[in-house]
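> Have a look at the structure that comes next, please.
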Amino acid sequence: MKMFNYLNQQQISDMMLLFCLGDKLEKIIDTWVQYENMTKEEAKYIRTSRTYYNKFFDSVQERLPNKEKDKLIKRYSNFHMTIQDKWLLKKFQDDMNEAAQTVRMERHLFDKFAIQLFNKNCKDCTKTSEECELHDILYENLFPADEQLKNCCYAFESIEAKAQRLKLEEEKRLAKESKKNTLSKRAKKKKANRFDEDDEIIEYNFTPTKGDK
């Protein structure tokens with residue numbers, strides 16, 4: 001059976017619930033035994049269940065990638081379980097929904113996140129800053145801009161696009177130069193041909209008047 005390489009949010013919550021329950025079992029046993037309200041057989045049953053809890057945790061963690069396993073272990077250390085009535089549960093959920101409206105993260109994490117968006121969305125982008133919602137997010141969070149293109153300070157030219165642009169510019173330059181050279185050759189030929197006519201001897205047969213002497 002091919003398993004997923006990660007746990008979804010519900011599965012992580014299930015793992016936390018089982019972990020907290022497994023972590024509390026020994027304390028529950030000690031407390032019940034202390035008040036003499038648990039038989040040895042009953043304690044054995046719970047301890048056996050805890051053994052299989054641990055086998056389950058070890059098995060799940062072993063098949064997860066290290067990064068996902070580290071995330072899970074980190075959640076274990078920060079997880080707390082309490083029993084609440086419906087009113088308290090609703091209040092907690094409302095508070096969580098309100099808190100979820102605002103995202104807070106450390107600067108180095110934001111930069112990693114922003115760079116991924118920047119490289120994907122700003123490459124060869126032709127939108128103006130007014131047309132792009134990403135621009136406001138980057139600008140308001142002081143993400144540096146290269147100001148390469150005129151349409152938006154975050155838009156940049158990819159290596160491929162730059163190579164294509166330079167190629168087209170070079171082709172236009174060569175075509176213009178070739179046209180100029182062609183016209184120049186024609187002009188030189190025309191100039192050279194001005195004196196290529198057959199020599200003609202022109203005689204002037206007229207008698208000068210007295211005034212022309």
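We label chains A, B, ... in the order they appear in the structure tokens, count residues from 1 in each chain, and number ligands from 1 in the order shown.
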Can you pull out every residue within 10 Å of segment 120-134 of chain A, counting only C-alpha atoms, but drop anything in the same chain fewer than 4 positions away, and send it as a list in words?
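The residues satisfying every condition are Ala114, Ile115, Gln116, Leu138, Tyr139, Leu149, Lys150, Asn151, Cys152, Cys153, Tyr154, Ala155, Phe156, Glu157, Ser158, Ile159, Glu160, Ala161 and Lys162 of chain A.
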> With N, CA, C and O atoms kept, could you save the residues just selected as a CSV table (one decimal), in the first residue's frame?

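To be explicit, this is the file written out as out.csv:
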chain,number,residue,atom,x,y,z
A,114,ALA,N,8.2,34.8,0.1
A,114,ALA,CA,8.1,35.8,-0.9
A,114,ALA,C,8.9,35.6,-2.1
A,114,ALA,O,8.5,35.8,-3.2
A,115,ILE,N,10.1,35.0,-1.9
A,115,ILE,CA,11.0,34.7,-3.0
A,115,ILE,C,10.4,33.7,-4.0
A,115,ILE,O,10.5,33.8,-5.2
A,116,GLN,N,9.7,32.7,-3.4
A,116,GLN,CA,9.0,31.7,-4.2
A,116,GLN,C,8.0,32.4,-5.1
A,116,GLN,O,7.8,32.1,-6.3
A,138,LEU,N,4.2,42.5,-1.3
A,138,LEU,CA,5.7,42.7,-1.2
A,138,LEU,C,6.1,44.1,-0.8
A,138,LEU,O,7.0,44.2,0.0
A,139,TYR,N,5.4,45.1,-1.3
A,139,TYR,CA,5.8,46.5,-1.0
A,139,TYR,C,5.6,46.8,0.5
A,139,TYR,O,6.4,47.4,1.1
A,149,LEU,N,12.2,46.6,-15.0
A,149,LEU,CA,11.2,46.9,-16.1
A,149,LEU,C,10.4,48.1,-15.7
A,149,LEU,O,10.2,48.5,-14.5
A,150,LYS,N,9.8,48.8,-16.7
A,150,LYS,CA,9.0,50.0,-16.5
A,150,LYS,C,7.6,49.8,-15.9
A,150,LYS,O,7.1,50.7,-15.3
A,151,ASN,N,7.0,48.6,-16.2
A,151,ASN,CA,5.6,48.4,-15.8
A,151,ASN,C,5.5,48.3,-14.3
A,151,ASN,O,4.5,48.7,-13.7
A,152,CYS,N,6.5,47.7,-13.6
A,152,CYS,CA,6.4,47.4,-12.1
A,152,CYS,C,7.8,47.3,-11.6
A,152,CYS,O,8.7,46.7,-12.2
A,153,CYS,N,8.0,47.8,-10.3
A,153,CYS,CA,9.3,47.7,-9.8
A,153,CYS,C,9.8,46.3,-9.4
A,153,CYS,O,11.0,46.0,-9.3
A,154,TYR,N,8.8,45.3,-9.3
A,154,TYR,CA,9.2,44.0,-9.0
A,154,TYR,C,9.3,43.1,-10.3
A,154,TYR,O,9.8,42.0,-10.2
A,155,ALA,N,8.8,43.5,-11.4
A,155,ALA,CA,8.9,42.7,-12.6
A,155,ALA,C,10.3,42.7,-13.1
A,155,ALA,O,11.1,43.6,-13.0
A,156,PHE,N,10.7,41.5,-13.5
A,156,PHE,CA,12.1,41.3,-14.0
A,156,PHE,C,12.2,40.5,-15.2
A,156,PHE,O,11.3,39.7,-15.5
A,157,GLU,N,13.2,40.6,-16.0
A,157,GLU,CA,13.4,39.9,-17.3
A,157,GLU,C,14.1,38.6,-17.0
A,157,GLU,O,15.2,38.6,-16.4
A,158,SER,N,13.6,37.5,-17.5
A,158,SER,CA,14.2,36.2,-17.3
A,158,SER,C,15.5,36.1,-18.3
A,158,SER,O,15.6,36.9,-19.2
A,159,ILE,N,16.3,35.2,-18.0
A,159,ILE,CA,17.5,35.0,-18.8
A,159,ILE,C,17.1,34.6,-20.2
A,159,ILE,O,17.7,35.1,-21.2
A,160,GLU,N,16.0,33.8,-20.3
A,160,GLU,CA,15.6,33.4,-21.7
A,160,GLU,C,15.0,34.5,-22.5
A,160,GLU,O,15.3,34.7,-23.7
A,161,ALA,N,14.2,35.4,-21.8
A,161,ALA,CA,13.6,36.5,-22.4
A,161,ALA,C,14.7,37.5,-22.9
A,161,ALA,O,14.6,38.1,-23.9
A,162,LYS,N,15.7,37.7,-22.0
A,162,LYS,CA,16.7,38.7,-22.3
A,162,LYS,C,17.5,38.2,-23.5
A,162,LYS,O,17.9,39.0,-24.4
> Enumerate as a ChimeraX atom specification all residues of segment 7-135 of chain A assigned to alpha helix (DSSP H) by DSSP on the backbone, naming them with the chain letters and numbers the document uses.
/A:9-34,40-63,66-77,86-99,107-121,133-135
> Just checking: using only C-alpha atoms, which residue out of A:Thr51, A:Gln101, A:Gln164, A:Gln61 ends up closest to Ile73 of chain A?
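Of all the options, A:Gln61 lies closest to Ile73 of chain A.
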> Given only C-alpha atoms as the basis, pick out the residue of A:Leu109, A:Met1, A:Ile12, A:Ala145 nearest to Glu68 of chain A.
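Distance minimum relative to Glu68 of chain A lands on A:Ile12.
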